[in-house]
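J.: Sharing model_5.tsv, TSV, C-alpha atoms:
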chain	number	residue	atom	x	y	z
Y	28	MET	CA	284.38	242.10	112.99
Y	29	THR	CA	284.00	239.53	110.25
Y	30	THR	CA	287.19	237.87	109.02
Y	31	PRO	CA	287.57	235.75	105.90
Y	32	SER	CA	287.23	232.03	106.53
Y	33	GLN	CA	289.91	229.59	105.40
Y	34	THR	CA	287.52	228.48	102.65
Y	35	ASP	CA	287.16	232.07	101.44
Y	36	ARG	CA	290.92	232.50	101.46
Y	37	ASN	CA	291.43	229.26	99.55
Y	38	GLN	CA	288.85	230.31	96.96
Y	39	ALA	CA	290.56	233.70	96.60
Y	40	ASP	CA	293.92	231.99	96.16
Y	41	ARG	CA	292.47	229.72	93.46
Y	42	SER	CA	290.85	232.70	91.72
Y	43	HIS	CA	294.20	234.53	91.76
Y	44	ALA	CA	295.97	231.47	90.36
Y	45	ASP	CA	293.30	230.98	87.68
Y	46	ARG	CA	293.90	234.49	86.37
Y	47	ARG	CA	297.58	233.67	85.79
Y	48	THR	CA	297.20	230.42	83.84
Y	49	ALA	CA	298.04	229.77	80.21
Y	50	GLU	CA	294.40	228.88	79.71
Y	51	ALA	CA	293.32	232.32	80.93
Y	52	PHE	CA	295.94	234.03	78.79
Y	53	ARG	CA	295.08	231.97	75.71
Y	54	ALA	CA	291.42	232.91	76.07
Y	55	LEU	CA	292.36	236.59	75.87
Y	56	HIS	CA	293.47	235.99	72.26
Y	57	HIS	CA	289.92	235.08	71.25
Y	58	GLY	CA	287.91	238.10	72.31
Y	59	PRO	CA	285.56	239.57	72.92
Y	60	THR	CA	288.01	242.49	72.65
Y	61	PRO	CA	291.52	242.65	71.13
Y	62	LEU	CA	294.40	241.99	73.51
Y	63	ILE	CA	296.64	245.02	74.06
Y	64	LEU	CA	299.99	244.40	75.74
Y	65	PRO	CA	302.14	247.42	76.66
Y	66	ASN	CA	305.55	245.76	77.11
Y	67	ALA	CA	307.25	245.91	80.51
Y	68	TRP	CA	310.93	245.55	81.44
Y	69	ASP	CA	311.02	245.22	85.25
Y	70	PRO	CA	308.65	244.75	88.21
Y	71	VAL	CA	307.97	248.50	88.47
Y	72	SER	CA	306.86	248.86	84.86
Y	73	ALA	CA	304.94	245.56	85.05
Y	74	ARG	CA	303.01	246.74	88.09
Y	75	ALA	CA	302.24	250.01	86.33
Y	76	VAL	CA	300.80	248.14	83.33
Y	77	ALA	CA	298.75	245.81	85.54
Y	78	GLY	CA	297.61	248.71	87.70
Y	79	ALA	CA	296.30	250.49	84.60
Y	80	GLY	CA	293.94	247.58	84.05
Y	81	TYR	CA	295.67	245.60	81.30
Y	82	PRO	CA	294.82	241.89	81.65
Y	83	ALA	CA	298.32	240.52	81.01
Y	84	ILE	CA	301.97	241.57	80.91
Y	85	ALA	CA	304.32	241.08	77.97
Y	86	THR	CA	308.02	241.63	78.49
Y	87	SER	CA	310.31	243.28	75.94
Y	88	SER	CA	313.59	241.39	75.47
Y	89	GLY	CA	315.32	244.50	74.16
Y	90	ALA	CA	314.22	246.63	77.11
Y	91	VAL	CA	315.00	243.91	79.67
Y	92	ALA	CA	318.42	243.41	78.10
Y	93	ARG	CA	319.25	247.11	78.36
Y	94	VAL	CA	318.12	247.27	81.97
Y	95	LEU	CA	320.47	244.37	82.68
Y	96	GLY	CA	323.35	246.09	80.90
Y	97	TYR	CA	323.24	244.27	77.57
Y	98	ASP	CA	321.78	245.00	74.16
Y	99	ASP	CA	319.13	243.27	72.07
Y	100	GLY	CA	320.01	240.31	69.87
Y	101	GLN	CA	320.43	237.32	72.24
Y	102	LEU	CA	323.34	239.02	74.05
Y	103	THR	CA	321.80	238.54	77.50
Y	104	PRO	CA	322.96	235.38	79.30
Y	105	PRO	CA	319.93	233.05	79.47
Y	106	ALA	CA	320.08	232.71	83.26
Y	107	GLU	CA	319.83	236.48	83.67
Y	108	MET	CA	316.90	236.74	81.26
Y	109	PHE	CA	315.00	233.91	82.96
Y	110	GLU	CA	315.57	235.51	86.37
Y	111	ALA	CA	314.37	238.89	85.09
Y	112	VAL	CA	311.20	237.24	83.78
Y	113	ALA	CA	310.70	235.48	87.12
Y	114	ARG	CA	310.94	238.77	89.02
Y	115	ILE	CA	308.29	240.29	86.76
Y	116	ALA	CA	306.01	237.25	87.10
Y	117	ARG	CA	306.28	237.40	90.91
Y	118	ALA	CA	305.41	241.10	90.90
Y	119	VAL	CA	301.96	240.92	89.29
Y	120	ASP	CA	298.78	238.88	89.58
Y	121	VAL	CA	298.03	238.69	85.84
Y	122	PRO	CA	299.49	236.34	83.21
Y	123	VAL	CA	303.01	237.10	82.00
Y	124	THR	CA	304.31	236.31	78.53
Y	125	ALA	CA	308.04	236.63	77.95
Y	126	ASP	CA	309.87	237.83	74.87
Y	127	MET	CA	312.63	235.21	74.67
Y	128	GLU	CA	314.24	236.28	71.38
Y	129	ALA	CA	315.21	233.11	69.44
Y	130	GLY	CA	315.41	230.82	72.46
Y	131	TYR	CA	319.05	231.52	73.39
Y	132	GLY	CA	320.30	228.36	71.71
Y	133	LEU	CA	318.56	226.12	74.24
Y	134	ASP	CA	317.01	222.85	73.19
Y	135	PRO	CA	313.20	222.96	73.23
Y	136	ALA	CA	312.70	220.84	76.35
Y	137	GLU	CA	315.18	222.83	78.44
Y	138	PHE	CA	313.80	226.10	77.14
Y	139	ALA	CA	310.21	225.16	78.04
Y	140	GLU	CA	311.17	223.83	81.47
Y	141	ARG	CA	313.19	226.88	82.42
Y	142	LEU	CA	310.61	229.35	81.15
Y	143	LEU	CA	307.70	227.65	82.93
Y	144	ALA	CA	309.77	227.65	86.12
Y	145	THR	CA	309.76	231.48	86.03
Y	146	GLY	CA	305.98	231.60	86.33
Y	147	ALA	CA	305.48	232.90	82.79
Y	148	VAL	CA	302.66	231.30	80.81
Y	149	GLY	CA	303.57	232.58	77.35
Y	150	CYS	CA	306.53	233.35	75.15
Y	151	ASN	CA	307.51	235.21	72.02
Y	152	LEU	CA	309.99	233.38	69.76
Y	153	GLU	CA	311.46	234.98	66.64
Y	154	ASP	CA	312.62	233.33	63.43
Y	155	SER	CA	315.83	235.24	62.72
Y	156	LEU	CA	319.37	235.03	64.06
Y	157	ASP	CA	322.07	237.62	63.42
Y	158	ASP	CA	319.56	239.49	61.23
Y	159	LYS	CA	319.09	236.44	58.95
Y	160	LEU	CA	315.92	234.40	58.66
Y	161	VAL	CA	316.07	230.84	59.97
Y	162	ASP	CA	314.95	228.13	57.55
Y	163	VAL	CA	311.16	227.91	57.81
Y	164	GLN	CA	311.06	224.15	58.41
Y	165	GLN	CA	313.82	224.36	61.00
Y	166	GLN	CA	311.87	227.04	62.87
Y	167	ALA	CA	308.59	225.15	62.57
Y	168	ASP	CA	310.27	222.04	63.99
Y	169	TYR	CA	311.64	224.06	66.90
Y	170	LEU	CA	308.25	225.58	67.67
Y	171	CYS	CA	306.61	222.16	67.43
Y	172	ALA	CA	309.15	220.75	69.89
Y	173	VAL	CA	308.59	223.61	72.35
Y	174	ARG	CA	304.86	222.96	72.11
Y	175	ALA	CA	305.37	219.25	72.74
Y	176	ALA	CA	307.59	219.96	75.75
Y	177	ALA	CA	305.30	222.58	77.31
Y	178	GLY	CA	301.94	221.14	76.32
Y	179	ALA	CA	299.09	223.55	76.89
Y	180	ASP	CA	300.95	225.33	79.69
Y	181	LEU	CA	302.60	227.82	77.34
Y	182	VAL	CA	300.98	230.27	74.92
Y	183	ILE	CA	303.40	230.55	71.99
Y	184	ASN	CA	303.59	233.69	69.87
Y	185	ALA	CA	305.69	233.05	66.74
Y	186	ARG	CA	307.38	236.21	65.50
Y	187	ILE	CA	307.94	236.36	61.75
Y	188	ASP	CA	310.86	238.60	60.79
Y	189	GLY	CA	310.34	238.76	57.03
Y	190	PHE	CA	309.83	242.54	57.14
Y	191	PHE	CA	312.61	242.98	59.67
Y	192	ALA	CA	315.60	240.78	58.78
Y	193	SER	CA	317.97	241.79	56.02
Y	194	GLY	CA	318.25	239.96	52.73
Y	195	CYS	CA	314.51	239.59	52.12
Y	196	GLU	CA	313.58	240.10	48.49
Y	197	GLU	CA	310.82	242.68	48.11
Y	198	GLY	CA	308.63	240.63	45.79
Y	199	LYS	CA	308.81	237.45	47.85
Y	200	THR	CA	308.40	238.87	51.34
Y	201	VAL	CA	304.61	238.77	51.63
Y	202	GLU	CA	304.35	235.26	50.20
Y	203	ASP	CA	307.16	234.08	52.48
Y	204	VAL	CA	305.57	235.64	55.57
Y	205	ILE	CA	302.25	233.96	54.78
Y	206	ALA	CA	303.99	230.61	54.23
Y	207	ARG	CA	305.88	230.98	57.50
Y	208	GLY	CA	302.75	231.96	59.40
Y	209	ARG	CA	300.88	228.93	58.11
Y	210	ALA	CA	303.79	226.61	58.90
Y	211	TYR	CA	304.07	227.94	62.44
Y	212	ARG	CA	300.33	227.58	62.97
Y	213	ARG	CA	300.57	223.95	61.83
Y	214	ALA	CA	303.41	223.54	64.34
Y	215	GLY	CA	300.98	224.41	67.11
Y	216	VAL	CA	301.59	228.07	67.97
Y	217	ASP	CA	298.74	230.15	69.37
Y	218	CYS	CA	299.49	233.42	67.59
Y	219	VAL	CA	301.72	234.74	64.81
Y	220	TYR	CA	303.53	238.06	64.82
Y	221	PRO	CA	304.65	239.49	61.45
Y	222	ILE	CA	306.55	242.31	63.08
Y	223	PHE	CA	306.63	245.65	61.23
Y	224	ALA	CA	304.22	244.41	58.55
Y	225	PRO	CA	303.20	247.34	56.33
Y	226	LEU	CA	299.71	248.53	57.12
Y	227	ASP	CA	298.51	248.04	53.56
Y	228	ILE	CA	299.07	244.26	53.72
Y	229	LEU	CA	298.17	243.55	57.34
Y	230	GLN	CA	294.60	242.60	56.47
Y	231	THR	CA	295.89	240.19	53.81
Y	232	LEU	CA	298.19	238.55	56.33
Y	233	ALA	CA	295.39	238.21	58.87
Y	234	THR	CA	293.10	236.60	56.31
Y	235	GLU	CA	295.66	234.34	54.64
Y	236	ILE	CA	297.39	233.07	57.80
Y	237	GLY	CA	294.34	232.79	60.01
Y	238	GLY	CA	294.11	232.68	63.79
Y	239	PRO	CA	295.21	235.36	66.24
Y	240	LEU	CA	297.62	237.89	64.75
Y	241	ASN	CA	299.96	240.18	66.71
Y	242	ALA	CA	300.90	243.61	65.36
Y	243	HIS	CA	303.41	246.19	66.57
Y	244	ALA	CA	302.27	249.60	67.81
Y	245	LYS	CA	304.25	252.61	69.07
Y	246	PRO	CA	303.32	255.68	71.14
Y	247	ASN	CA	303.83	257.83	68.04
Y	248	GLY	CA	302.07	255.40	65.70
Y	249	PRO	CA	300.82	253.21	64.29
Y	250	ALA	CA	298.07	253.28	66.90
Y	251	ALA	CA	296.53	250.13	68.31
Y	252	SER	CA	293.12	251.13	66.96
Y	253	ALA	CA	294.44	251.33	63.39
Y	254	LEU	CA	296.07	247.91	63.64
Y	255	ILE	CA	292.94	246.37	65.12
Y	256	ALA	CA	290.85	247.79	62.28
Y	257	LEU	CA	293.15	245.95	59.85
Y	258	GLY	CA	292.69	242.57	61.49
Y	259	ALA	CA	295.19	242.42	64.35
Y	260	THR	CA	293.83	240.75	67.47
Y	261	ARG	CA	296.88	241.20	69.71
Y	262	ILE	CA	298.88	244.43	69.97
Y	263	SER	CA	302.31	244.82	71.56
Y	264	TYR	CA	304.77	247.69	71.77
Y	265	GLY	CA	308.20	246.04	71.89
Y	266	THR	CA	310.96	248.33	73.10
Y	267	SER	CA	309.07	251.50	72.14
Y	268	LEU	CA	307.70	252.21	75.64
Y	269	HIS	CA	311.11	251.81	77.24
Y	270	ASN	CA	312.57	254.08	74.56
Y	271	PHE	CA	309.79	256.62	75.18
Y	272	THR	CA	310.43	256.56	78.94
Y	273	THR	CA	314.19	256.87	78.49
Y	274	ASP	CA	313.76	259.79	76.09
Y	275	ALA	CA	311.48	261.53	78.58
Y	276	LEU	CA	314.16	261.13	81.26
Y	277	ARG	CA	316.82	262.58	78.97
Y	278	GLU	CA	314.62	265.59	78.31
Y	279	LEU	CA	313.96	266.07	82.03
Y	280	LEU	CA	317.53	265.80	83.27
Y	281	PRO	CA	318.82	269.19	82.00
Y	282	GLU	CA	315.94	270.89	83.80
Y	283	LEU	CA	317.07	269.50	87.18
Y	284	THR	CA	320.26	271.56	87.35
As C-alpha cells, please, write out the structure in this file.
T.:
Amino acid sequence: MTTPSQTDRNQADRSHADRRTAEAFRALHHGPTPLILPNAWDPVSARAVAGAGYPAIATSSGAVARVLGYDDGQLTPPAEMFEAVARIARAVDVPVTADMEAGYGLDPAEFAERLLATGAVGCNLEDSLDDKLVDVQQQADYLCAVRAAAGADLVINARIDGFFASGCEEGKTVEDVIARGRAYRRAGVDCVYPIFAPLDILQTLATEIGGPLNAHAKPNGPAASALIALGATRISYGTSLHNFTTDALRELLPELT
C-alpha cells in the first residue's frame, strides 16, 4: 500500500494554506468569473457553503449577532464577534472574509491585529453608525489606517450606506455614493459595496467608481445574475439567507406536532 510521503504531505499543507490567503481571495475579485458569496453565520452554514463549491466564505454580522443572542448594529461585544469569526475560519479550508460592521470602535491597528488573529483574510467595514453616515474623510482615514496596519494580508470591502442610512437627500445620494467610493478606493480598499443600490444606477456606480464592486442579492431577488449583468463583480447576501432559513424553520415547526 502506498502512503503519502512527508514531502507530499508538506506540499498538500502548503496548497491548503495557499487557498486561504488574502492573495488568493483578492484574486477572486478579478475574474475570470464574478465572486458569489452566500453569507454564513456559524461553522455549520460555512461548511455547507464551502461544500457547495463556493470558493470563499463571507460572514453576516447580523446573522452572527442573532445566533449569539444580540441584534445587528454593533451590539455584539467585539470579543464574541472575533471568536465567532475564528470558529468559522477554523471550520473551512477556503478564505474567510468577516462582516465587522463599523469596526466596533477599535483603533485600526488593534482591529487589524485581532481580525487577522482569527484566520480571516478579509473584512467588510461600513460607513454609518446609528443609522447616520460617517464623514467621508473620517471613514477614508480609518480605512487607510486599517490598510496600513494589515498590509496586503487583509482584503478590505468598504460598504457605502448612502442608500441605507437615514437622512440622505434623494438628489445628492448618487453623487455622494460615487464620491465615497472613489475616496475609499484612494484609501486602499480592494472593493466597494454600495449596499441596496437601485438597479437602474448600479451600472453608473460601477463605471464611475471603478474597481471591484459588491452588490446585494436575496433568495427572492434581485438575483445574482441580474446584478452581474449591471456591472457587479462580487455578490453577497447579507442576513437574507439566515432569514430565509429561520422562516423555513418557523413554517416547519407547526407541522411537527
J.: For each of Y:Ile183, Y:Ala136, Y:Val201, Y:Ala111, take the minimum atom-to-atom distance to Asn241 in chain Y, counting all atoms listed in the file, then give the residue where this is smallest.
T.: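 Among Y:Ile183, Y:Ala136, Y:Val201, Y:Ala111, it is Y:Ile183 that comes nearest to Asn241 in chain Y.
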J.: Please provide as a list in words all residues within 12 Å of Ile228 in chain Y, with the sequence filter that same-chain residues fewer than 2 positions apart are discarded (counting only C-alpha atoms).
T.: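 The neighbour list is Phe190, Thr200, Val201, Glu202, Val204, Ile205, Pro221, Phe223, Ala224, Pro225, Leu226, Gln230, Thr231, Leu232, Ala233, Thr234, Glu235, Ala242, Leu254, Leu257, Gly258 and Ala259 of chain Y.
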J.: Which residues, written as an MDAnalysis selection string, have at least one atom at most 8 Å from Ala49 in chain Y, with only C-alpha atoms counted and residues fewer than 5 positions away on the same chain left out?
T.: chainID Y and resid 122 148:149 179:182
J.: So which one's closest to Pro246 in chain Y, Y:Gly215, Y:Pro65, Y:Pro70, Y:Pro59? Using only C-alpha atoms, please.
T.: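 Once distances to Pro246 in chain Y are computed over only C-alpha atoms, the minimum belongs to Y:Pro65.
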J.: Need to verify the contact set: Leu142 in chain Y, 7 Å, all atoms listed in the file, exclusion of same-chain residues closer than 4 positions in sequence. Can you return it as a list in words?
T.: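 My list of contacting residues is Phe109, Phe138 and Ala147 of chain Y.
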J.: Please measure the separation of CA of Ile262 in chain Y and CA of Ile222 in chain Y, giving the value in Å to one decimal.
T.: 10.5 Å
J.: For range 182-258 of chain Y against range 164-171 of chain Y, with a cut-off of 9 Å and counting all atoms listed in the file, what is the closest atom pair and its distance in Å to one decimal for every residue that makes the cut, ordered by chain and number, as JSON lines?
T.:
{"residue": "Y:Ile183", "atom": "CA", "partner": "Y:Leu170", "partner_atom": "CA", "distance": 8.2}
{"residue": "Y:Ala185", "atom": "CA", "partner": "Y:Leu170", "partner_atom": "CA", "distance": 8.0}
{"residue": "Y:Arg207", "atom": "CA", "partner": "Y:Ala167", "partner_atom": "CA", "distance": 8.2}
{"residue": "Y:Ala210", "atom": "CA", "partner": "Y:Ala167", "partner_atom": "CA", "distance": 6.2}
{"residue": "Y:Tyr211", "atom": "CA", "partner": "Y:Ala167", "partner_atom": "CA", "distance": 5.3}
{"residue": "Y:Arg212", "atom": "CA", "partner": "Y:Ala167", "partner_atom": "CA", "distance": 8.6}
{"residue": "Y:Arg213", "atom": "CA", "partner": "Y:Ala167", "partner_atom": "CA", "distance": 8.1}
{"residue": "Y:Ala214", "atom": "CA", "partner": "Y:Cys171", "partner_atom": "CA", "distance": 4.7}
{"residue": "Y:Gly215", "atom": "CA", "partner": "Y:Cys171", "partner_atom": "CA", "distance": 6.1}
{"residue": "Y:Val216", "atom": "CA", "partner": "Y:Leu170", "partner_atom": "CA", "distance": 7.1}
J.: Which is closest to Asn66 in chain Y among Y:Asp188, Y:Asp217, Y:Asp126, Y:Asp98, if we use all atoms listed in the file?
T.: Y:Asp126
J.: Write out as a PDB file with C-alpha atoms, keeping the file's coordinate frame which residues come within 8 Å of Ala139 in chain Y when counting only C-alpha atoms, dropping same-chain ones fewer than 3 positions away.
T.:
ATOM      1  CA  PRO Y 135     313.200 222.960  73.230  1.00  0.00           C
ATOM      2  CA  ALA Y 136     312.700 220.840  76.350  1.00  0.00           C
ATOM      3  CA  LEU Y 142     310.610 229.350  81.150  1.00  0.00           C
ATOM      4  CA  LEU Y 143     307.700 227.650  82.930  1.00  0.00           C
ATOM      5  CA  VAL Y 173     308.590 223.610  72.350  1.00  0.00           C
ATOM      6  CA  ALA Y 176     307.590 219.960  75.750  1.00  0.00           C
ATOM      7  CA  ALA Y 177     305.300 222.580  77.310  1.00  0.00           C
TER       8      ALA Y 177
END
J.: Which residue is closest to Asp203 in chain Y? Choose from Y:Ala73, Y:Val163, Y:His56, Y:Val112 and count all atoms listed in the file.
T.: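 Of Y:Ala73, Y:Val163, Y:His56, Y:Val112, the one nearest Asp203 in chain Y is Y:Val163, counting all atoms listed in the file.
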J.: One decimal, Å: what's the distance from CA of Arg117 in chain Y over to CA of Arg261 in chain Y, could you say?
T.: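 For CA of Arg117 in chain Y relative to CA of Arg261 in chain Y, the distance reads 23.5 Å.
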J.: To one decimal place in Å, what is the distance between CA of Val71 in chain Y and CA of Leu133 in chain Y?
T.: 28.6 Å
J.: Quick one: of Y:Tyr97, Y:Trp68, Y:Tyr81, Y:Phe191, who's nearest to His269 in chain Y, counting all atoms listed in the file?
T.: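 Checking each candidate against His269 in chain Y, we get Y:Trp68 as the closest.
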J.: So which one's closest to Gly237 in chain Y, Y:Thr124, Y:Ser87, Y:Gln101, Y:Thr260? Using only C-alpha atoms, please.
T.: Y:Thr260
